[in-house]
Structures are given as structure tokens and as C-alpha cells.
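Structure file data_33.cif (mmCIF, C-alpha atoms and all ligand atoms) follows.
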```
data_query
#
loop_
_atom_site.label_atom_id
_atom_site.label_comp_id
_atom_site.auth_asym_id
_atom_site.auth_seq_id
_atom_site.Cartn_x
_atom_site.Cartn_y
_atom_site.Cartn_z
CA MET A 233 8.89 13.61 -16.26
CA GLU A 234 8.49 14.96 -12.70
CA VAL A 235 6.34 12.84 -10.40
CA LEU A 236 4.93 13.93 -7.04
CA VAL A 237 4.73 10.98 -4.62
CA THR A 238 2.39 11.76 -1.73
CA GLY A 239 3.21 9.62 1.30
CA GLY A 240 6.64 9.06 -0.22
CA ALA A 241 8.31 8.68 3.19
CA GLY A 242 6.02 5.77 4.04
CA TYR A 243 6.42 2.06 3.40
CA VAL A 244 5.00 1.69 -0.13
CA GLY A 245 5.52 5.33 -1.14
CA SER A 246 9.26 5.29 -0.44
CA VAL A 247 9.76 2.20 -2.60
CA VAL A 248 7.65 3.77 -5.37
CA ALA A 249 9.90 6.85 -5.19
CA GLU A 250 13.01 4.64 -5.27
CA GLU A 251 11.81 2.75 -8.36
CA LEU A 252 10.81 5.98 -10.14
CA LEU A 253 14.30 7.40 -9.58
CA LYS A 254 15.87 4.18 -10.91
CA GLU A 255 13.79 4.58 -14.07
CA GLY A 256 15.00 8.15 -14.57
CA PHE A 257 11.93 10.07 -13.38
CA GLY A 258 12.31 13.23 -11.33
CA VAL A 259 10.69 12.71 -7.91
CA ILE A 260 9.19 15.09 -5.39
CA VAL A 261 8.18 13.44 -2.13
CA LEU A 262 5.43 14.97 -0.03
CA ASP A 263 4.87 13.55 3.46
CA ASN A 264 3.69 14.91 6.81
CA LEU A 265 6.02 12.48 8.66
CA GLN A 266 3.17 11.35 10.90
CA GLU A 267 3.83 7.73 9.90
CA GLY A 268 6.60 8.27 7.37
CA HIS A 269 10.33 8.46 8.09
CA HIS A 270 12.73 11.12 6.89
CA ASP A 271 15.36 8.40 6.38
CA ALA A 272 13.04 6.53 4.02
CA VAL A 273 13.04 9.33 1.45
CA PRO A 274 15.35 8.09 -1.29
CA GLU A 275 18.44 10.08 -2.16
CA GLY A 276 17.81 12.13 -5.27
CA ALA A 277 14.20 12.95 -4.41
CA GLU A 278 13.16 16.49 -3.54
CA PHE A 279 11.47 16.28 -0.12
CA MET A 280 8.73 18.58 1.17
CA VAL A 281 7.05 18.16 4.54
CA ALA A 282 3.38 18.90 3.93
CA ASP A 283 -0.01 17.65 4.99
CA ILE A 284 -2.66 16.94 2.36
CA THR A 285 -5.41 17.99 4.77
CA VAL A 286 -3.97 21.51 4.80
CA ARG A 287 -4.74 23.13 1.45
CA GLN A 288 -2.09 25.89 1.78
CA GLU A 289 0.65 23.32 2.36
CA LEU A 290 -0.32 21.53 -0.84
CA GLU A 291 -0.45 24.82 -2.68
CA LYS A 292 3.17 25.48 -1.68
CA VAL A 293 4.28 22.10 -3.08
CA PHE A 294 2.56 22.71 -6.42
CA ALA A 295 3.66 26.34 -6.65
CA GLN A 296 7.32 25.51 -6.02
CA ASN A 297 7.71 22.47 -8.28
CA ARG A 298 7.06 21.45 -11.83
CA ILE A 299 4.79 18.40 -11.51
CA ASP A 300 3.68 16.28 -14.46
CA ALA A 301 1.96 13.42 -12.61
CA VAL A 302 1.02 12.37 -9.09
CA MET A 303 1.22 9.01 -7.34
CA HIS A 304 -1.05 9.29 -4.32
CA MET A 305 -0.17 7.13 -1.35
CA ALA A 306 -0.60 9.55 1.56
CA ALA A 307 -3.35 8.04 3.70
CA GLU A 308 -4.49 6.75 7.04
CA THR A 309 -4.08 3.00 6.58
CA VAL A 310 -4.61 1.13 9.83
CA VAL A 311 -7.92 -0.72 9.59
CA PRO A 312 -8.60 -1.15 13.37
CA VAL A 313 -7.90 2.55 13.92
CA SER A 314 -10.44 3.39 11.22
CA MET A 315 -13.12 1.63 13.29
CA THR A 316 -12.61 3.95 16.26
CA ASP A 317 -11.00 7.13 14.91
CA THR A 318 -13.29 7.16 11.89
CA THR A 319 -13.25 10.90 11.34
CA ARG A 320 -9.46 10.86 11.00
CA HIS A 321 -9.68 8.37 8.13
CA PHE A 322 -12.38 10.29 6.27
CA ARG A 323 -10.60 13.60 6.80
CA CYS A 324 -7.27 12.37 5.50
CA ASN A 325 -8.34 9.92 2.81
CA VAL A 326 -11.34 11.78 1.42
CA VAL A 327 -10.94 15.47 2.35
CA GLY A 328 -7.14 15.31 1.90
CA GLY A 329 -7.62 13.52 -1.42
CA LEU A 330 -10.03 16.23 -2.61
CA ASN A 331 -7.54 18.92 -1.61
CA LEU A 332 -4.95 17.14 -3.69
CA LEU A 333 -7.24 16.90 -6.73
CA ASP A 334 -8.15 20.56 -6.48
CA ALA A 335 -4.48 21.59 -6.22
CA MET A 336 -3.70 19.38 -9.22
CA LEU A 337 -6.42 20.92 -11.35
CA GLU A 338 -5.48 24.43 -10.35
CA HIS A 339 -1.96 23.74 -11.56
CA ASP A 340 -3.15 21.86 -14.64
CA VAL A 341 -1.79 18.47 -13.48
CA ARG A 342 -4.12 15.80 -14.86
CA ARG A 343 -2.34 12.48 -14.35
CA LEU A 344 -2.82 10.41 -11.19
CA ILE A 345 -2.07 6.89 -9.99
CA PHE A 346 -4.09 6.14 -6.85
CA SER A 347 -3.13 3.70 -4.12
CA SER A 348 -6.35 1.82 -3.43
CA SER A 349 -6.87 -1.39 -1.50
CA ALA A 350 -8.38 -4.86 -1.41
CA ALA A 351 -10.38 -3.42 1.50
CA VAL A 352 -12.84 -1.93 -1.07
CA TYR A 353 -14.29 -5.42 -1.64
CA GLY A 354 -15.29 -6.44 1.88
CA GLU A 355 -16.21 -10.06 2.55
CA PRO A 356 -15.03 -12.15 -0.43
CA GLN A 357 -17.70 -14.00 -2.38
CA ALA A 358 -15.27 -15.90 -4.60
CA ASP A 359 -12.02 -17.83 -4.18
CA GLU A 360 -10.19 -15.28 -6.27
CA ILE A 361 -11.33 -11.67 -6.30
CA GLY A 362 -11.55 -9.98 -9.69
CA GLU A 363 -12.00 -6.25 -10.16
CA ASP A 364 -15.74 -6.63 -10.81
CA HIS A 365 -16.34 -8.34 -7.43
CA PRO A 366 -19.03 -6.51 -5.36
CA LYS A 367 -17.64 -3.67 -3.32
CA VAL A 368 -19.05 -3.61 0.20
CA PRO A 369 -16.29 -2.40 2.54
CA LEU A 370 -16.28 -3.83 6.06
CA ASN A 371 -14.53 -0.87 7.63
CA PRO A 372 -14.21 2.92 7.22
CA TYR A 373 -10.72 2.52 5.75
CA GLY A 374 -12.05 0.49 2.81
CA GLU A 375 -14.99 2.88 2.47
CA THR A 376 -12.66 5.89 2.14
CA LYS A 377 -10.70 4.14 -0.63
CA LEU A 378 -13.91 3.27 -2.48
CA ILE A 379 -15.31 6.78 -2.11
CA PHE A 380 -12.12 8.24 -3.51
CA GLU A 381 -12.18 5.85 -6.47
CA ARG A 382 -15.71 7.10 -7.20
CA ILE A 383 -14.65 10.72 -6.86
CA LEU A 384 -11.91 10.02 -9.41
CA GLU A 385 -14.46 8.63 -11.86
CA TRP A 386 -16.47 11.86 -11.71
CA TYR A 387 -13.39 14.08 -11.83
CA GLY A 388 -12.28 12.09 -14.86
CA ARG A 389 -15.50 12.94 -16.67
CA ALA A 390 -15.81 16.53 -15.50
CA TYR A 391 -12.19 17.66 -15.65
CA GLN A 392 -10.48 15.22 -18.04
CA LEU A 393 -8.38 13.86 -15.18
CA LYS A 394 -6.52 10.72 -16.24
CA PHE A 395 -6.21 8.19 -13.44
CA ILE A 396 -5.66 4.52 -12.61
CA CYS A 397 -6.52 2.89 -9.26
CA LEU A 398 -4.26 0.10 -7.98
CA ARG A 399 -5.89 -2.12 -5.37
CA TYR A 400 -3.12 -3.64 -3.30
CA PHE A 401 -3.63 -6.92 -1.50
CA ASN A 402 -1.00 -7.60 1.20
CA ALA A 403 2.05 -5.46 0.51
CA ALA A 404 5.12 -7.10 2.03
CA GLY A 405 8.90 -7.41 1.74
CA ALA A 406 11.66 -4.83 1.51
CA SER A 407 14.09 -3.33 -0.98
CA ARG A 408 17.82 -3.19 -0.14
CA ARG A 409 17.44 0.15 1.61
CA LEU A 410 13.75 0.47 2.43
CA GLY A 411 11.49 -1.63 4.62
CA GLU A 412 8.42 -1.75 6.82
CA ASP A 413 8.47 0.29 10.03
CA HIS A 414 5.04 1.11 11.45
CA GLN A 415 4.34 2.26 15.01
CA PRO A 416 2.60 0.24 16.28
CA GLU A 417 3.15 -2.61 13.82
CA THR A 418 -0.04 -4.48 12.98
CA HIS A 419 1.12 -6.47 9.93
CA LEU A 420 1.83 -10.15 10.08
CA ILE A 421 5.26 -10.56 8.44
CA PRO A 422 7.10 -7.86 10.45
CA ASN A 423 5.46 -9.13 13.63
CA VAL A 424 6.55 -12.72 12.93
CA LEU A 425 10.11 -11.58 12.17
CA ARG A 426 10.17 -9.38 15.27
CA ALA A 427 9.50 -12.54 17.30
CA ALA A 428 12.45 -14.20 15.52
CA LEU A 429 14.68 -11.31 16.56
CA ASP A 430 13.40 -11.07 20.13
CA ARG A 431 12.53 -14.63 21.08
CA SER A 432 11.09 -13.65 24.46
CA ALA A 433 7.99 -12.12 22.82
CA PRO A 434 5.92 -14.62 20.80
CA VAL A 435 3.93 -13.56 17.77
CA THR A 436 0.17 -13.71 18.27
CA LEU A 437 -1.83 -15.72 15.72
CA PHE A 438 -5.29 -14.20 15.52
CA GLY A 439 -7.60 -17.20 15.18
CA THR A 440 -7.03 -20.77 14.07
CA ASP A 441 -10.73 -21.62 13.77
CA TYR A 442 -11.40 -20.18 10.31
CA PRO A 443 -12.85 -22.38 7.55
CA THR A 444 -9.46 -22.64 5.80
CA ARG A 445 -7.00 -25.50 5.22
CA ASP A 446 -5.27 -25.06 8.61
CA GLY A 447 -7.78 -22.83 10.38
CA SER A 448 -5.78 -19.59 9.99
CA CYS A 449 -6.52 -16.68 7.62
CA VAL A 450 -5.26 -16.81 4.06
CA ARG A 451 -3.82 -13.69 2.37
CA ASP A 452 -2.20 -12.80 -0.95
CA TYR A 453 1.25 -11.35 -0.21
CA VAL A 454 2.81 -9.25 -2.93
CA HIS A 455 6.29 -7.75 -2.87
CA VAL A 456 6.42 -4.00 -2.36
CA ILE A 457 8.89 -3.65 -5.28
CA ASP A 458 6.41 -5.40 -7.57
CA ILE A 459 3.72 -3.01 -6.35
CA ALA A 460 6.02 -0.06 -7.04
CA ARG A 461 6.73 -1.29 -10.57
CA ALA A 462 3.01 -1.59 -11.25
CA HIS A 463 2.72 2.15 -10.54
CA ILE A 464 5.28 2.95 -13.20
CA LEU A 465 3.62 0.65 -15.73
CA ALA A 466 0.29 2.29 -14.93
CA LEU A 467 1.74 5.75 -15.48
CA LYS A 468 3.11 4.66 -18.84
CA ARG A 469 -0.28 3.26 -19.87
CA LEU A 470 -2.36 6.15 -18.56
CA GLU A 471 -3.32 7.44 -21.98
CA ASP A 472 -5.14 4.26 -23.03
CA ARG A 473 -6.04 2.72 -19.64
CA SER A 474 -7.34 5.76 -17.78
CA GLY A 475 -10.33 5.09 -15.53
CA ARG A 476 -9.35 1.49 -14.84
CA ALA A 477 -8.76 -0.23 -11.48
CA TYR A 478 -6.35 -3.15 -11.15
CA ASN A 479 -5.79 -5.69 -8.39
CA LEU A 480 -2.20 -6.21 -7.30
CA GLY A 481 -1.63 -9.59 -5.74
CA SER A 482 0.58 -12.50 -6.62
CA GLY A 483 -2.42 -14.75 -7.21
CA GLY A 484 -1.69 -17.26 -4.48
CA GLY A 485 -2.81 -17.44 -0.89
CA HIS A 486 -0.74 -18.26 2.19
CA SER A 487 -2.18 -18.93 5.62
CA VAL A 488 -0.91 -17.23 8.77
CA ILE A 489 0.51 -20.57 9.93
CA GLU A 490 2.29 -21.06 6.58
CA VAL A 491 3.84 -17.60 6.89
CA VAL A 492 5.20 -18.52 10.32
CA GLU A 493 6.60 -21.79 8.90
CA VAL A 494 8.31 -20.03 5.98
CA ALA A 495 9.71 -17.44 8.40
CA ARG A 496 11.10 -20.24 10.58
CA GLN A 497 12.88 -21.69 7.53
CA VAL A 498 14.19 -18.33 6.34
CA THR A 499 15.47 -17.20 9.76
CA GLY A 500 16.52 -20.58 11.11
CA VAL A 501 14.79 -19.59 14.36
CA ASP A 502 12.05 -21.63 15.99
CA ILE A 503 9.83 -18.53 16.18
CA PRO A 504 7.62 -18.58 19.28
CA ALA A 505 3.91 -18.18 18.52
CA LYS A 506 0.74 -18.15 20.60
CA VAL A 507 -2.85 -18.46 19.41
CA SER A 508 -5.42 -15.90 20.45
CA ALA A 509 -9.00 -15.05 19.47
CA ARG A 510 -9.89 -13.79 16.00
CA ARG A 511 -9.14 -10.15 15.24
CA PRO A 512 -12.43 -8.38 14.48
CA GLY A 513 -13.02 -7.59 10.81
CA ASP A 514 -10.60 -10.16 9.32
CA PRO A 515 -12.07 -12.06 6.35
CA ALA A 516 -11.00 -15.74 6.26
CA VAL A 517 -9.52 -15.62 2.76
CA LEU A 518 -8.44 -12.70 0.60
CA VAL A 519 -6.78 -13.66 -2.67
CA ALA A 520 -6.60 -11.55 -5.84
CA SER A 521 -6.99 -12.36 -9.44
CA SER A 522 -4.38 -10.06 -10.95
CA ALA A 523 -4.98 -11.26 -14.49
CA LEU A 524 -6.15 -7.84 -15.65
CA ALA A 525 -3.00 -6.04 -14.46
CA ARG A 526 -0.91 -8.69 -16.19
CA GLN A 527 -2.88 -8.40 -19.44
CA GLU A 528 -3.45 -4.68 -19.64
CA LEU A 529 -0.41 -3.23 -17.87
CA GLY A 530 2.05 -5.99 -18.78
CA TRP A 531 2.71 -6.44 -15.05
CA LYS A 532 4.51 -9.55 -13.96
CA PRO A 533 5.43 -9.88 -10.29
CA GLU A 534 9.08 -10.80 -9.99
CA TYR A 535 8.87 -12.10 -6.42
CA GLU A 536 6.28 -14.83 -6.77
CA GLY A 537 7.23 -16.95 -3.79
CA LEU A 538 6.60 -16.13 -0.16
CA GLU A 539 10.17 -17.14 0.71
CA GLY A 540 11.70 -14.32 -1.35
CA ILE A 541 9.34 -11.81 0.24
CA VAL A 542 10.06 -12.96 3.79
CA SER A 543 13.85 -13.16 3.13
CA SER A 544 13.92 -9.56 1.95
CA SER A 545 12.01 -8.41 5.06
CA TRP A 546 14.33 -10.42 7.30
CA ARG A 547 17.48 -8.95 5.75
CA TRP A 548 16.07 -5.43 6.24
CA MET A 549 15.01 -6.10 9.81
CA LYS A 550 18.42 -7.48 10.75
CA GLU A 551 20.04 -4.35 9.30
CA HIS A 552 17.47 -2.09 11.01
CA PRO A 553 16.60 -3.89 14.27
CA ARG A 554 14.99 -0.74 15.63
CA GLY A 555 13.52 0.49 12.36
CA TYR A 556 14.48 3.84 10.83
CA SER A 557 16.81 5.90 13.01
CA ARG A 558 15.37 4.95 16.36
N1 LIG B 1 -2.13 -11.48 11.91
C1 LIG B 1 -1.77 -12.26 12.98
N2 LIG B 1 -0.89 -11.73 13.88
C2 LIG B 1 -0.34 -10.48 13.75
C3 LIG B 1 -0.73 -9.70 12.63
C4 LIG B 1 -1.64 -10.23 11.74
O1 LIG B 1 -2.24 -13.38 13.14
O2 LIG B 1 0.45 -10.06 14.60
C5 LIG B 1 -3.05 -12.06 10.92
C6 LIG B 1 -4.31 -11.21 10.71
O3 LIG B 1 -5.28 -11.54 11.64
C7 LIG B 1 -4.66 -11.57 9.27
C8 LIG B 1 -3.30 -11.83 8.61
O4 LIG B 1 -2.39 -12.07 9.67
O5 LIG B 1 -5.39 -12.74 9.25
C9 LIG B 1 -2.79 -10.66 7.80
O6 LIG B 1 -2.89 -9.50 8.61
P1 LIG B 1 -2.20 -8.10 8.22
O7 LIG B 1 -2.53 -7.14 9.32
O8 LIG B 1 -0.76 -8.31 7.90
O9 LIG B 1 -2.92 -7.69 6.87
P2 LIG B 1 -4.48 -7.53 6.56
O10 LIG B 1 -4.82 -8.63 5.62
O11 LIG B 1 -5.30 -7.38 7.77
O12 LIG B 1 -4.49 -6.09 5.89
C10 LIG B 1 -4.17 -5.86 4.57
C11 LIG B 1 -3.59 -4.47 4.41
C12 LIG B 1 -4.64 -3.44 4.73
C13 LIG B 1 -5.87 -3.68 3.91
C14 LIG B 1 -6.37 -5.09 4.13
C15 LIG B 1 -7.54 -5.38 3.24
O13 LIG B 1 -2.48 -4.32 5.25
O14 LIG B 1 -4.13 -2.15 4.43
O15 LIG B 1 -5.35 -6.02 3.81
O16 LIG B 1 -8.47 -6.15 3.95
F1 LIG B 1 -6.85 -2.83 4.25
#
```

Show me this structure written as C-alpha cells.
Amino acid sequence: MEVLVTGGAGYVGSVVAEELLKEGFGVIVLDNLQEGHHDAVPEGAEFMVADITVRQELEKVFAQNRIDAVMHMAAETVVPVSMTDTTRHFRCNVVGGLNLLDAMLEHDVRRLIFSSSAAVYGEPQADEIGEDHPKVPLNPYGETKLIFERILEWYGRAYQLKFICLRYFNAAGASRRLGEDHQPETHLIPNVLRAALDRSAPVTLFGTDYPTRDGSCVRDYVHVIDIARAHILALKRLEDRSGRAYNLGSGGGHSVIEVVEVARQVTGVDIPAKVSARRPGDPAVLVASSALARQELGWKPEYEGLEGIVSSSWRWMKEHPRGYSR
């Protein structure tokens, strides 16, 4: 089976492509290289530089390749940017997504796994968020993901599109060859490890006055390889699970301060940290119930502990101190 991975030169997309190849799928990677890295495209994948917001570029990808299914990860993903450059998020995540769906239908491709986000839920109203939790996004990024989920529901009914939405919580960690390299980096784990590598620049902890056990925000970190494997399970279950959305988290929360502590143990470095004000838009706690993905997809995260996640990121960062080919 030939799978098109949009955003396949990015952090999650490249690992999805890598896992698909390991499982014997044919892989075509589409990426505009705005955030993605040429060096992140796994060997064995066909690579096409294309932008989902440009319909003709998508047309070329579909015309030149046999495609049986699509895994859609190409997106604008930085939440603070979505607050200011809102149009960019809607254009890429909604208009680009529609372009993709229309190209798929034109070429009779009716199988899609969509990369959604915990950001669709907004402020949590429960300790553990299940899929039926109210969806009131706090930022345009989350809104675009929710809108696209809704579009998929209607396309499913109207055009017999088969789809599954996977709502990631905090994707983290690295595979042997592929890791996290964003410019600028906004995510906690790479920023903490960067401060371990370059001890002159402390990591900033955004707020220690939250109503949590140590005052810092709690998140559900899930290994990027486990996320990638969930995509393959979802593809295999598309016939009987189409239309569903699943949370992907490891079901446990870790505070920002705990992450720094684990990183200190893993690296053996007394990582310098400084406390600053809260970052706008951060909910205090965001933890998934992933029971449904476990039950219905047979998903079982392999990397359940934070230590394994942080160790894999640390190994990758030491091997790529300046990221991909910089
Ligand atoms: N944090 C710091 N210092 C940093 C970076 C982050 O203290 O240098 C804190 C944040 O304030 C937050 C926690 O670490 O409390 C985690 O922050 P991340 O930026 O790593 O992740 P988020 O939880 O903000 O974002 C994740 C995904 C988004 C998704 C969002 C859903 O990365 O794509 O969850 O709310 F939209």
C-alpha cells in the first residue's frame, strides 16, 4: 500500500514515514520545507516538495504517484503564532486541508488519518480528558484542527471518505535518526536539553504559581514513535473505525519542574533554570485518557516513562547539537 505523508519532513511526520517504511508500506513524503528538513525525510521514501495551499502543486503529487491512503500532518503548529498570524493558520490548516481533500477525491483516494490535537478541547474540565470532553479551543490553532475534524465528518457522509482523527497530547522524544528541530523552539523538552548542552543559557519555566502539585503546568508527554505507530494501527482499522477520533497520550501527567528534574538525572547536568511569568494561553493541566485508542485500535504506548522519552531526545540532541544540517 502506498501512503502519502503530508508534512513528512517535519518532526512527527518524518517518524510516521520511518515507521511506515519499517512496516513495508510505500511512502511518498510531501513537504514545503518551511518547517521541515530535507535530511529528515527517511531513506526509501519518495520526496516531493509541494505546498498544500497551492492546489496545482498537490495536483502534481497525485498525478505522478499511485496513492492509496494519506496521513495528513502538514500544518502550522505553533500556538502563540496562531494568536497573531491567525490568517496563516486558517489558510494552511483549513484551506490547505480542503485542497488536499479535493485532490484526494479527484484521484479517488478515500482513506485519511488526520493529525489533530489536544488543543481542540481548550480549558480542561476534568482531570483526564476523554474524547467526549467539550471542545472549546483557546486559540486559532486548536480551532483550525476542530474545524477540519468537522469538515472530515461531512466529507465522510457526502463522499464516503474514510478517516480517523488522532488528537496528540505532548509529542516528545526521538527515534535513532529523527528528532525535534523547530526554529524557534517553543517546546519544553528540547529547551530543557538545550540548556543542558549550553549551560550559559538557562531554560525559562513559564509560571510556578499554577494550582498544581508544585505550581508548574502538568502535561501528558507521549513518545513520537508511539504516536507514529498509532497512525499505522488507525490505517489498519479504518474500515471499521472510520469517523472516530482518538486521544494519544500516555495517561500520566508530569509537571514542568518534574521534566527538568528527570532531564537533570538523564543528562547528569545541573541544568540551569529561571522562573518567569506564565505564558499566555497555557492551561494548568492537560492529561489524556487514551483508553479508547487502547481498546479500539489496540494501541499500547511502548515508552511509558518520561525518562525513556527524555533519554531518546538527549541522545538525538547530542548527535545533532545544531539540529538537521545546520
Ligand atoms: N514551557 C516552559 N518553558 C519552555 C517551554 C515550555 O516552561 O521553554 C512550559 C509551557 O509553559 C507548558 C509546558 O512547558 O506549561 C509544555 O509546553 P510545550 O510548549 O512543550 O507544549 P504545549 O503543552 O504548550 O503544547 C502542546 C503541543 C501543541 C498543542 C498543545 C495543546 O505542542 O501543538 O499542546 O494545548 F497545541

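Computed from the coordinates, the CA of Glu375 in chain A to CA of Val517 in chain A distance equals 19.3 Å.
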
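Inspection of the environment of ligand LIG 1 (chain B), which uses only C-alpha atoms and all ligand atoms and a cut-off of 6 Å, identifies the neighbouring residues as Thr309, Val311, Ser349, Ala350, Ala351, Phe401, Asn402, Thr418, His419, Leu420, Asn423, Val435, Thr436, Leu437, Phe438, Cys449, Val488, Arg511 and Asp514 of chain A.
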
(message) Need the shell around Pro369 in chain A: protein/DNA/RNA residues with any atom at most 6 Å away, counting only C-alpha atoms. Skip same-chain ones fewer than 5 positions apart. Format as number ranges by chain?
(response) A: 352-354, 374-375

(request) Choose the residue, out of A:Ala404, A:Ala277, A:Leu524, A:Ala477, that has the smallest atom-to-atom separation from Tyr453 in chain A; count all atoms listed in the file. (result) A:Ala404

(message) Applying 10 Å and all atoms listed in the file, which residues near Phe294 in chain A remain after dropping the ones on its own chain fewer than 2 positions away? List them as a list in words.
(response) Leu236, Gln288, Glu289, Leu290, Glu291, Lys292, Gln296, Asn297, Arg298, Ile299, Leu332, Ala335, Met336, Glu338, His339 and Val341 of chain A

Output file for the residues above (C-alpha atoms, as a CSV table (one decimal), in the coordinates of the input):
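This went into out-v3.csv:
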```
chain,number,residue,atom,x,y,z
A,236,LEU,CA,4.9,13.9,-7.0
A,288,GLN,CA,-2.1,25.9,1.8
A,289,GLU,CA,0.6,23.3,2.4
A,290,LEU,CA,-0.3,21.5,-0.8
A,291,GLU,CA,-0.4,24.8,-2.7
A,292,LYS,CA,3.2,25.5,-1.7
A,296,GLN,CA,7.3,25.5,-6.0
A,297,ASN,CA,7.7,22.5,-8.3
A,298,ARG,CA,7.1,21.4,-11.8
A,299,ILE,CA,4.8,18.4,-11.5
A,332,LEU,CA,-5.0,17.1,-3.7
A,335,ALA,CA,-4.5,21.6,-6.2
A,336,MET,CA,-3.7,19.4,-9.2
A,338,GLU,CA,-5.5,24.4,-10.4
A,339,HIS,CA,-2.0,23.7,-11.6
A,341,VAL,CA,-1.8,18.5,-13.5
```

(request) Have a look at A:Val293, A:Pro274, A:Leu370, A:Asp359 and name the one nearest to Pro512 in chain A; count only C-alpha atoms. (result) A:Leu370

(message) Calculated over only C-alpha atoms, which of the candidates A:Gln497, A:Thr238, A:Ser521, A:Ser348 has the smallest distance to Gly362 in chain A?
(response) A:Ser521
